[in-house]
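Colleague: This is run-v5.pdb (PDB, C-alpha atoms and all ligand atoms).
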```
ATOM      1  CA  MET D   1      35.757 -45.289-160.341  1.00  0.00           C
ATOM      2  CA  ASN D   2      33.178 -47.991-159.832  1.00  0.00           C
ATOM      3  CA  TYR D   3      30.233 -46.373-158.000  1.00  0.00           C
ATOM      4  CA  ILE D   4      27.370 -48.416-156.571  1.00  0.00           C
ATOM      5  CA  ILE D   5      24.707 -45.952-157.814  1.00  0.00           C
ATOM      6  CA  ALA D   6      24.585 -43.460-160.676  1.00  0.00           C
ATOM      7  CA  VAL D   7      26.891 -40.498-160.024  1.00  0.00           C
ATOM      8  CA  PRO D   8      24.834 -37.333-159.396  1.00  0.00           C
ATOM      9  CA  VAL D   9      25.032 -34.693-162.134  1.00  0.00           C
ATOM     10  CA  ILE D  10      27.223 -31.684-161.324  1.00  0.00           C
ATOM     11  CA  PRO D  11      24.925 -28.619-161.269  1.00  0.00           C
ATOM     12  CA  SER D  12      26.021 -25.869-163.642  1.00  0.00           C
ATOM     13  CA  LEU D  13      24.963 -22.580-165.225  1.00  0.00           C
ATOM     14  CA  PRO D  14      25.359 -21.246-168.749  1.00  0.00           C
ATOM     15  CA  ILE D  15      27.782 -18.389-169.414  1.00  0.00           C
ATOM     16  CA  ILE D  16      26.700 -15.348-171.422  1.00  0.00           C
ATOM     17  CA  GLY D  17      28.541 -15.263-174.747  1.00  0.00           C
ATOM     18  CA  SER D  18      30.057 -18.719-174.388  1.00  0.00           C
ATOM     19  CA  ASP D  19      29.039 -22.322-175.012  1.00  0.00           C
ATOM     20  CA  GLN D  20      30.938 -23.413-171.892  1.00  0.00           C
ATOM     21  CA  ARG D  21      29.181 -23.821-168.544  1.00  0.00           C
ATOM     22  CA  PHE D  22      30.076 -22.818-164.976  1.00  0.00           C
ATOM     23  CA  PRO D  23      30.124 -25.832-162.595  1.00  0.00           C
ATOM     24  CA  ILE D  24      28.634 -25.180-159.148  1.00  0.00           C
ATOM     25  CA  ARG D  25      30.382 -26.451-156.014  1.00  0.00           C
ATOM     26  CA  ARG D  26      28.563 -24.756-153.127  1.00  0.00           C
ATOM     27  CA  VAL D  27      25.941 -22.022-152.685  1.00  0.00           C
ATOM     28  CA  PHE D  28      26.504 -19.543-149.854  1.00  0.00           C
ATOM     29  CA  CYS D  29      23.994 -16.822-148.938  1.00  0.00           C
ATOM     30  CA  ILE D  30      24.282 -13.760-146.731  1.00  0.00           C
ATOM     31  CA  GLY D  31      21.282 -12.627-144.702  1.00  0.00           C
ATOM     32  CA  ARG D  32      20.271  -9.080-143.764  1.00  0.00           C
ATOM     33  CA  ASN D  33      22.611  -7.277-146.163  1.00  0.00           C
ATOM     34  CA  TYR D  34      20.228  -4.408-146.981  1.00  0.00           C
ATOM     35  CA  ALA D  35      19.077  -2.323-144.014  1.00  0.00           C
ATOM     36  CA  GLU D  36      15.520  -1.727-145.329  1.00  0.00           C
ATOM     37  CA  HIS D  37      14.956  -5.475-145.755  1.00  0.00           C
ATOM     38  CA  ALA D  38      16.293  -6.242-142.281  1.00  0.00           C
ATOM     39  CA  ARG D  39      13.841  -3.656-140.932  1.00  0.00           C
ATOM     40  CA  GLU D  40      10.869  -5.135-142.833  1.00  0.00           C
ATOM     41  CA  MET D  41      11.723  -8.519-141.282  1.00  0.00           C
ATOM     42  CA  GLY D  42      11.832  -6.991-137.797  1.00  0.00           C
ATOM     43  CA  ALA D  43      15.570  -7.667-137.555  1.00  0.00           C
ATOM     44  CA  SER D  44      18.574  -5.447-137.156  1.00  0.00           C
ATOM     45  CA  VAL D  45      21.765  -5.357-139.216  1.00  0.00           C
ATOM     46  CA  ASP D  46      24.941  -6.550-137.557  1.00  0.00           C
ATOM     47  CA  THR D  47      27.568  -4.557-139.412  1.00  0.00           C
ATOM     48  CA  ALA D  48      30.406  -6.348-137.625  1.00  0.00           C
ATOM     49  CA  ALA D  49      29.309  -9.946-138.126  1.00  0.00           C
ATOM     50  CA  PRO D  50      27.450 -10.878-141.312  1.00  0.00           C
ATOM     51  CA  MET D  51      25.020 -13.817-141.052  1.00  0.00           C
ATOM     52  CA  PHE D  52      25.367 -16.694-143.533  1.00  0.00           C
ATOM     53  CA  PHE D  53      23.425 -19.784-144.561  1.00  0.00           C
ATOM     54  CA  CYS D  54      23.771 -22.293-147.404  1.00  0.00           C
ATOM     55  CA  LYS D  55      21.669 -23.922-150.087  1.00  0.00           C
ATOM     56  CA  PRO D  56      22.508 -27.208-151.772  1.00  0.00           C
ATOM     57  CA  ALA D  57      24.152 -26.780-155.194  1.00  0.00           C
ATOM     58  CA  ASP D  58      21.408 -28.827-156.833  1.00  0.00           C
ATOM     59  CA  ALA D  59      18.786 -26.306-155.660  1.00  0.00           C
ATOM     60  CA  VAL D  60      19.988 -24.046-158.500  1.00  0.00           C
ATOM     61  CA  VAL D  61      17.694 -23.869-161.528  1.00  0.00           C
ATOM     62  CA  GLY D  62      18.501 -21.939-164.679  1.00  0.00           C
ATOM     63  CA  ASP D  63      16.939 -19.117-166.655  1.00  0.00           C
ATOM     64  CA  GLY D  64      13.552 -19.803-168.198  1.00  0.00           C
ATOM     65  CA  ALA D  65      12.707 -22.650-165.838  1.00  0.00           C
ATOM     66  CA  ASP D  66       9.307 -23.582-164.531  1.00  0.00           C
ATOM     67  CA  VAL D  67       9.779 -23.567-160.743  1.00  0.00           C
ATOM     68  CA  PRO D  68       7.431 -25.947-158.961  1.00  0.00           C
ATOM     69  CA  TYR D  69       5.609 -24.393-155.986  1.00  0.00           C
ATOM     70  CA  PRO D  70       7.347 -26.188-153.111  1.00  0.00           C
ATOM     71  CA  GLN D  71       5.727 -28.620-150.728  1.00  0.00           C
ATOM     72  CA  ALA D  72       5.168 -27.875-147.030  1.00  0.00           C
ATOM     73  CA  THR D  73       4.510 -24.125-147.370  1.00  0.00           C
ATOM     74  CA  GLY D  74       1.691 -21.680-147.922  1.00  0.00           C
ATOM     75  CA  ASP D  75       3.961 -18.630-148.051  1.00  0.00           C
ATOM     76  CA  LEU D  76       6.643 -18.846-150.735  1.00  0.00           C
ATOM     77  CA  HIS D  77       8.576 -15.548-150.887  1.00  0.00           C
ATOM     78  CA  HIS D  78      10.838 -14.008-153.526  1.00  0.00           C
ATOM     79  CA  GLU D  79      14.179 -12.404-152.622  1.00  0.00           C
ATOM     80  CA  VAL D  80      16.002 -10.954-155.646  1.00  0.00           C
ATOM     81  CA  GLU D  81      19.778 -10.932-155.185  1.00  0.00           C
ATOM     82  CA  MET D  82      23.024 -10.369-157.049  1.00  0.00           C
ATOM     83  CA  VAL D  83      24.893 -13.662-157.359  1.00  0.00           C
ATOM     84  CA  VAL D  84      28.704 -13.757-157.364  1.00  0.00           C
ATOM     85  CA  ALA D  85      30.551 -16.694-158.940  1.00  0.00           C
ATOM     86  CA  LEU D  86      34.052 -17.547-157.724  1.00  0.00           C
ATOM     87  CA  GLY D  87      36.795 -18.647-160.117  1.00  0.00           C
ATOM     88  CA  ALA D  88      39.362 -19.362-157.420  1.00  0.00           C
ATOM     89  CA  GLY D  89      39.413 -20.131-153.711  1.00  0.00           C
ATOM     90  CA  GLY D  90      41.125 -19.506-150.432  1.00  0.00           C
ATOM     91  CA  ARG D  91      40.635 -19.057-146.705  1.00  0.00           C
ATOM     92  CA  ASP D  92      41.293 -16.312-144.150  1.00  0.00           C
ATOM     93  CA  LEU D  93      41.404 -13.713-146.928  1.00  0.00           C
ATOM     94  CA  THR D  94      41.549  -9.940-146.806  1.00  0.00           C
ATOM     95  CA  PRO D  95      38.831  -8.083-148.743  1.00  0.00           C
ATOM     96  CA  GLU D  96      41.419  -7.284-151.433  1.00  0.00           C
ATOM     97  CA  GLN D  97      42.312 -10.968-151.778  1.00  0.00           C
ATOM     98  CA  GLY D  98      38.607 -11.847-151.734  1.00  0.00           C
ATOM     99  CA  ALA D  99      37.846  -9.472-154.587  1.00  0.00           C
ATOM    100  CA  ALA D 100      40.390 -11.309-156.727  1.00  0.00           C
ATOM    101  CA  LEU D 101      38.369 -14.561-156.480  1.00  0.00           C
ATOM    102  CA  VAL D 102      35.401 -13.153-158.411  1.00  0.00           C
ATOM    103  CA  TRP D 103      34.924 -14.811-161.792  1.00  0.00           C
ATOM    104  CA  GLY D 104      31.568 -13.306-162.692  1.00  0.00           C
ATOM    105  CA  TYR D 105      28.097 -12.157-161.755  1.00  0.00           C
ATOM    106  CA  GLY D 106      24.491 -13.118-162.238  1.00  0.00           C
ATOM    107  CA  VAL D 107      21.094 -12.437-160.713  1.00  0.00           C
ATOM    108  CA  GLY D 108      19.035 -14.930-158.752  1.00  0.00           C
ATOM    109  CA  LEU D 109      16.111 -15.508-156.426  1.00  0.00           C
ATOM    110  CA  ASP D 110      16.678 -16.761-152.882  1.00  0.00           C
ATOM    111  CA  LEU D 111      13.269 -18.438-152.701  1.00  0.00           C
ATOM    112  CA  THR D 112      12.130 -18.793-149.104  1.00  0.00           C
ATOM    113  CA  ARG D 113       9.395 -20.748-147.343  1.00  0.00           C
ATOM    114  CA  ARG D 114       8.643 -17.748-145.104  1.00  0.00           C
ATOM    115  CA  ASP D 115       6.217 -19.609-142.853  1.00  0.00           C
ATOM    116  CA  LEU D 116       8.810 -22.287-142.104  1.00  0.00           C
ATOM    117  CA  GLN D 117      11.444 -19.592-141.542  1.00  0.00           C
ATOM    118  CA  ALA D 118       9.175 -17.846-139.010  1.00  0.00           C
ATOM    119  CA  GLN D 119       8.714 -21.154-137.172  1.00  0.00           C
ATOM    120  CA  ALA D 120      12.484 -21.767-137.203  1.00  0.00           C
ATOM    121  CA  LYS D 121      13.187 -18.291-135.822  1.00  0.00           C
ATOM    122  CA  ALA D 122      10.590 -18.763-133.059  1.00  0.00           C
ATOM    123  CA  LYS D 123      12.147 -22.079-132.010  1.00  0.00           C
ATOM    124  CA  ALA D 124      15.779 -21.001-132.566  1.00  0.00           C
ATOM    125  CA  HIS D 125      16.068 -23.772-135.166  1.00  0.00           C
ATOM    126  CA  PRO D 126      18.310 -23.661-138.259  1.00  0.00           C
ATOM    127  CA  TRP D 127      16.981 -22.208-141.526  1.00  0.00           C
ATOM    128  CA  ASP D 128      17.711 -25.198-143.775  1.00  0.00           C
ATOM    129  CA  VAL D 129      14.119 -26.239-144.443  1.00  0.00           C
ATOM    130  CA  ALA D 130      13.088 -22.614-145.042  1.00  0.00           C
ATOM    131  CA  LYS D 131      15.920 -21.870-147.474  1.00  0.00           C
ATOM    132  CA  GLY D 132      17.461 -25.054-148.858  1.00  0.00           C
ATOM    133  CA  PHE D 133      14.541 -26.827-150.537  1.00  0.00           C
ATOM    134  CA  ASP D 134      14.526 -28.212-154.086  1.00  0.00           C
ATOM    135  CA  HIS D 135      14.468 -25.556-156.859  1.00  0.00           C
ATOM    136  CA  SER D 136      14.964 -22.796-154.255  1.00  0.00           C
ATOM    137  CA  ALA D 137      17.687 -20.969-156.206  1.00  0.00           C
ATOM    138  CA  PRO D 138      16.777 -19.791-159.733  1.00  0.00           C
ATOM    139  CA  VAL D 139      19.897 -18.115-161.206  1.00  0.00           C
ATOM    140  CA  SER D 140      20.514 -16.353-164.526  1.00  0.00           C
ATOM    141  CA  ALA D 141      23.268 -17.173-166.972  1.00  0.00           C
ATOM    142  CA  LEU D 142      26.532 -15.788-165.567  1.00  0.00           C
ATOM    143  CA  ARG D 143      28.540 -12.936-167.062  1.00  0.00           C
ATOM    144  CA  GLN D 144      32.321 -13.013-166.773  1.00  0.00           C
ATOM    145  CA  ALA D 145      33.572 -10.064-164.724  1.00  0.00           C
ATOM    146  CA  THR D 146      36.592  -9.304-166.878  1.00  0.00           C
ATOM    147  CA  GLY D 147      36.522  -5.665-167.873  1.00  0.00           C
ATOM    148  CA  MET D 148      33.054  -5.129-166.395  1.00  0.00           C
ATOM    149  CA  ALA D 149      32.224  -2.018-164.402  1.00  0.00           C
ATOM    150  CA  LEU D 150      29.934  -3.024-161.533  1.00  0.00           C
ATOM    151  CA  ASP D 151      29.512   0.065-159.377  1.00  0.00           C
ATOM    152  CA  ALA D 152      27.363   1.347-156.536  1.00  0.00           C
ATOM    153  CA  GLY D 153      24.780   2.610-159.041  1.00  0.00           C
ATOM    154  CA  THR D 154      24.145  -0.776-160.674  1.00  0.00           C
ATOM    155  CA  ALA D 155      20.446  -1.546-160.249  1.00  0.00           C
ATOM    156  CA  LEU D 156      18.923  -4.786-158.969  1.00  0.00           C
ATOM    157  CA  ARG D 157      15.210  -5.257-159.749  1.00  0.00           C
ATOM    158  CA  LEU D 158      12.436  -7.810-159.640  1.00  0.00           C
ATOM    159  CA  HIS D 159       9.147  -7.663-161.525  1.00  0.00           C
ATOM    160  CA  VAL D 160       6.367 -10.187-160.899  1.00  0.00           C
ATOM    161  CA  ASN D 161       3.651 -10.336-163.584  1.00  0.00           C
ATOM    162  CA  GLY D 162       4.979  -7.000-164.877  1.00  0.00           C
ATOM    163  CA  GLU D 163       4.685  -5.252-161.482  1.00  0.00           C
ATOM    164  CA  LEU D 164       7.832  -3.859-159.825  1.00  0.00           C
ATOM    165  CA  ARG D 165       8.279  -5.674-156.492  1.00  0.00           C
ATOM    166  CA  GLN D 166      11.877  -5.028-155.436  1.00  0.00           C
ATOM    167  CA  GLN D 167      14.393  -2.399-156.521  1.00  0.00           C
ATOM    168  CA  THR D 168      17.717  -1.161-155.184  1.00  0.00           C
ATOM    169  CA  THR D 169      21.257  -0.319-156.183  1.00  0.00           C
ATOM    170  CA  LEU D 170      24.333  -2.241-155.149  1.00  0.00           C
ATOM    171  CA  GLY D 171      25.546   0.741-153.141  1.00  0.00           C
ATOM    172  CA  GLU D 172      22.827  -0.045-150.581  1.00  0.00           C
ATOM    173  CA  MET D 173      24.534  -3.284-149.534  1.00  0.00           C
ATOM    174  CA  VAL D 174      25.730  -3.275-145.909  1.00  0.00           C
ATOM    175  CA  HIS D 175      28.658  -5.601-146.696  1.00  0.00           C
ATOM    176  CA  ASP D 176      30.166  -5.236-150.185  1.00  0.00           C
ATOM    177  CA  VAL D 177      31.391  -8.186-152.237  1.00  0.00           C
ATOM    178  CA  PRO D 178      35.059  -8.122-151.106  1.00  0.00           C
ATOM    179  CA  HIS D 179      34.008  -8.007-147.436  1.00  0.00           C
ATOM    180  CA  ILE D 180      31.405 -10.787-147.907  1.00  0.00           C
ATOM    181  CA  ILE D 181      34.053 -13.048-149.474  1.00  0.00           C
ATOM    182  CA  ALA D 182      36.588 -12.212-146.769  1.00  0.00           C
ATOM    183  CA  ALA D 183      34.067 -12.957-143.997  1.00  0.00           C
ATOM    184  CA  LEU D 184      32.982 -16.243-145.628  1.00  0.00           C
ATOM    185  CA  SER D 185      36.625 -17.273-146.035  1.00  0.00           C
ATOM    186  CA  ARG D 186      37.077 -17.042-142.284  1.00  0.00           C
ATOM    187  CA  LEU D 187      34.297 -19.652-141.870  1.00  0.00           C
ATOM    188  CA  PHE D 188      34.821 -21.927-144.904  1.00  0.00           C
ATOM    189  CA  GLU D 189      37.621 -22.617-147.354  1.00  0.00           C
ATOM    190  CA  LEU D 190      36.199 -21.169-150.563  1.00  0.00           C
ATOM    191  CA  LYS D 191      36.849 -22.826-153.903  1.00  0.00           C
ATOM    192  CA  ALA D 192      36.318 -22.229-157.599  1.00  0.00           C
ATOM    193  CA  GLY D 193      32.706 -23.007-158.467  1.00  0.00           C
ATOM    194  CA  ASP D 194      31.210 -21.446-155.340  1.00  0.00           C
ATOM    195  CA  LEU D 195      28.226 -19.111-155.751  1.00  0.00           C
ATOM    196  CA  ILE D 196      27.365 -16.377-153.247  1.00  0.00           C
ATOM    197  CA  PHE D 197      23.892 -14.818-152.959  1.00  0.00           C
ATOM    198  CA  THR D 198      24.581 -11.298-151.712  1.00  0.00           C
ATOM    199  CA  GLY D 199      21.318 -10.423-149.960  1.00  0.00           C
ATOM    200  CA  THR D 200      17.962  -8.945-150.877  1.00  0.00           C
ATOM    201  CA  PRO D 201      16.543  -5.413-150.674  1.00  0.00           C
ATOM    202  CA  ALA D 202      13.149  -4.538-149.194  1.00  0.00           C
ATOM    203  CA  GLY D 203       9.917  -5.611-150.868  1.00  0.00           C
ATOM    204  CA  VAL D 204       9.956  -9.369-150.347  1.00  0.00           C
ATOM    205  CA  ALA D 205       6.473 -10.829-150.843  1.00  0.00           C
ATOM    206  CA  ALA D 206       4.575 -13.967-151.735  1.00  0.00           C
ATOM    207  CA  LEU D 207       4.629 -15.797-155.064  1.00  0.00           C
ATOM    208  CA  GLN D 208       1.656 -17.811-156.308  1.00  0.00           C
ATOM    209  CA  ARG D 209       1.339 -20.580-158.865  1.00  0.00           C
ATOM    210  CA  GLY D 210       1.236 -19.017-162.322  1.00  0.00           C
ATOM    211  CA  ASP D 211       3.302 -15.951-161.369  1.00  0.00           C
ATOM    212  CA  ARG D 212       5.973 -14.934-163.882  1.00  0.00           C
ATOM    213  CA  PHE D 213       9.101 -13.313-162.513  1.00  0.00           C
ATOM    214  CA  HIS D 214      11.706 -11.165-164.238  1.00  0.00           C
ATOM    215  CA  ALA D 215      14.887 -10.302-162.310  1.00  0.00           C
ATOM    216  CA  GLU D 216      17.635  -8.047-163.611  1.00  0.00           C
ATOM    217  CA  LEU D 217      21.038  -6.791-162.615  1.00  0.00           C
ATOM    218  CA  THR D 218      21.217  -3.888-165.022  1.00  0.00           C
ATOM    219  CA  GLY D 219      23.697  -4.386-167.832  1.00  0.00           C
ATOM    220  CA  VAL D 220      24.850  -7.702-166.385  1.00  0.00           C
ATOM    221  CA  ALA D 221      22.214 -10.425-166.365  1.00  0.00           C
ATOM    222  CA  GLU D 222      18.497 -11.180-166.530  1.00  0.00           C
ATOM    223  CA  LEU D 223      16.435 -14.070-165.202  1.00  0.00           C
ATOM    224  CA  ASP D 224      12.938 -15.132-166.205  1.00  0.00           C
ATOM    225  CA  GLY D 225      10.821 -17.924-164.862  1.00  0.00           C
ATOM    226  CA  ARG D 226       7.399 -19.034-163.739  1.00  0.00           C
ATOM    227  CA  ILE D 227       5.979 -20.611-160.592  1.00  0.00           C
ATOM    228  CA  VAL D 228       3.946 -23.697-161.529  1.00  0.00           C
TER     229      VAL D 228
HETATM  230 MN    MN J 301      18.190 -13.807-149.134  1.00  0.00          MN
END
```
So, in terms of structure tokens, how does the structure I just supplied come out?

Modeller:
Amino acid sequence: MNYIIAVPVIPSLPIIGSDQRFPIRRVFCIGRNYAEHAREMGASVDTAAPMFFCKPADAVVGDGADVPYPQATGDLHHEVEMVVALGAGGRDLTPEQGAALVWGYGVGLDLTRRDLQAQAKAKAHPWDVAKGFDHSAPVSALRQATGMALDAGTALRLHVNGELRQQTTLGEMVHDVPHIIAALSRLFELKAGDLIFTGTPAGVAALQRGDRFHAELTGVAELDGRIV
């Protein structure tokens, strides 16, 4: 193909235990998937209808990255989340069919310009500028799901400068992974390469320049980085 400008690089993530990489097609995120976090945001959980938003694929940055403090905000917040990577696609799926799409797991931060999100909520505007900015999605290397036991007791944690900021177990999720995938597949045709951020527990707070973060999904993946 003879393109008029340089073809953009396909974003990708490393794979634990492999020298191959996982190419990223789209990044979907669910909101309000832990009741305590919904409460701290003054929102309620809609157990029937999960709420979704998207980030651009090139907002993903890998483990060990320096994350530039974004422009246009004075209130950058961390949201630690399990990240699910899809190895196949489909639409209008049952939860059982959705579960079969999972290729692997990682841990990430859904970085949020909280002040811009508050303005968007007040004006009933979309969340794109609050959620979808450059470098807004640090994600660990991914671990292939094959043979992995990911149960309700698996812990999700975030430390900032060595201090525990967020901690939960996956059993606290309102919508589990098969139901998230099924619900998304009724809105979008999912494909291999899609990432899904599965929501954050309580404890979201501000990050400052110089802060070092350490996120972990116990026994699965770890993510380190620094705000610069
Ligand atoms: Mn989030």

Colleague: Might you spell out which residues the PyMOL selection byres (((chain D and resi 111) around 10) and not hetatm) would select in the displayed file, as a PyMOL selection string?

Modeller: chain D and resi 70+76-80+108-110+112-114+130-138+204+206-207

Colleague: Any idea what's packed within 12 Å of D:Gly98, counting all atoms listed in the file, ignoring anything in its chain fewer than 2 positions away? Could you give it as a ChimeraX atom specification?

Modeller: /D:84-96,100-103,176-186,189-191

Colleague: Return as a list of chain:residue names the residues of protein, DNA or RNA that approach ligand MN 301 (chain J) to within 7 Å, with only C-alpha atoms and all ligand atoms taken into account.

Modeller: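 Within the 7 Å cut-off, the matching residues are D:Cys29, D:Ile30, D:Gly31, D:Glu79, D:Glu81, D:Asp110, D:Phe197, D:Gly199, D:Thr200.
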
Colleague: Do you have the atom CA of D:His214-atom CA of D:Leu195 distance handy?

Modeller: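 So the answer is 20.2 Å.
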
Colleague: Counting only C-alpha atoms, what is within 10 Å of D:Asp151, bar same-chain residues fewer than 4 positions away, as a list of chain:residue names?

Modeller: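 Those residues are D:Ala155, D:Thr169, D:Leu170, D:Gly171.
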
Colleague: Evaluate the PyMOL selection byres (((chain D and resi 65) around 10) and not hetatm) here and jot the selected residues down as a list of chain:residue names.

Modeller: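 Applying the PyMOL selection byres (((chain D and resi 65) around 10) and not hetatm) to the structure shown produces D:Val61, D:Gly62, D:Asp63, D:Gly64, D:Asp66, D:Val67, D:Pro68, D:His135, D:Pro138, D:Val139, D:Leu223, D:Asp224, D:Gly225, D:Arg226, D:Ile227, D:Val228.
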
Colleague: Write the residues you've just listed into a file as a compact mmCIF listing (two decimals), in the frame of the given file, and include C-alpha atoms for each of them.

Modeller:
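Now in selection_33.txt:
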```txt
# COMPACT_ATOMS: atom_id res chain seq x y z
CA VAL D 61 17.69 -23.87 -161.53
CA GLY D 62 18.50 -21.94 -164.68
CA ASP D 63 16.94 -19.12 -166.66
CA GLY D 64 13.55 -19.80 -168.20
CA ASP D 66 9.31 -23.58 -164.53
CA VAL D 67 9.78 -23.57 -160.74
CA PRO D 68 7.43 -25.95 -158.96
CA HIS D 135 14.47 -25.56 -156.86
CA PRO D 138 16.78 -19.79 -159.73
CA VAL D 139 19.90 -18.11 -161.21
CA LEU D 223 16.43 -14.07 -165.20
CA ASP D 224 12.94 -15.13 -166.20
CA GLY D 225 10.82 -17.92 -164.86
CA ARG D 226 7.40 -19.03 -163.74
CA ILE D 227 5.98 -20.61 -160.59
CA VAL D 228 3.95 -23.70 -161.53
```

Colleague: Atom CA of D:Pro201 to atom CA of D:Glu222: how many Å, to one decimal?

Modeller: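 Result for atom CA of D:Pro201 versus atom CA of D:Glu222: 17.0 Å, one decimal.
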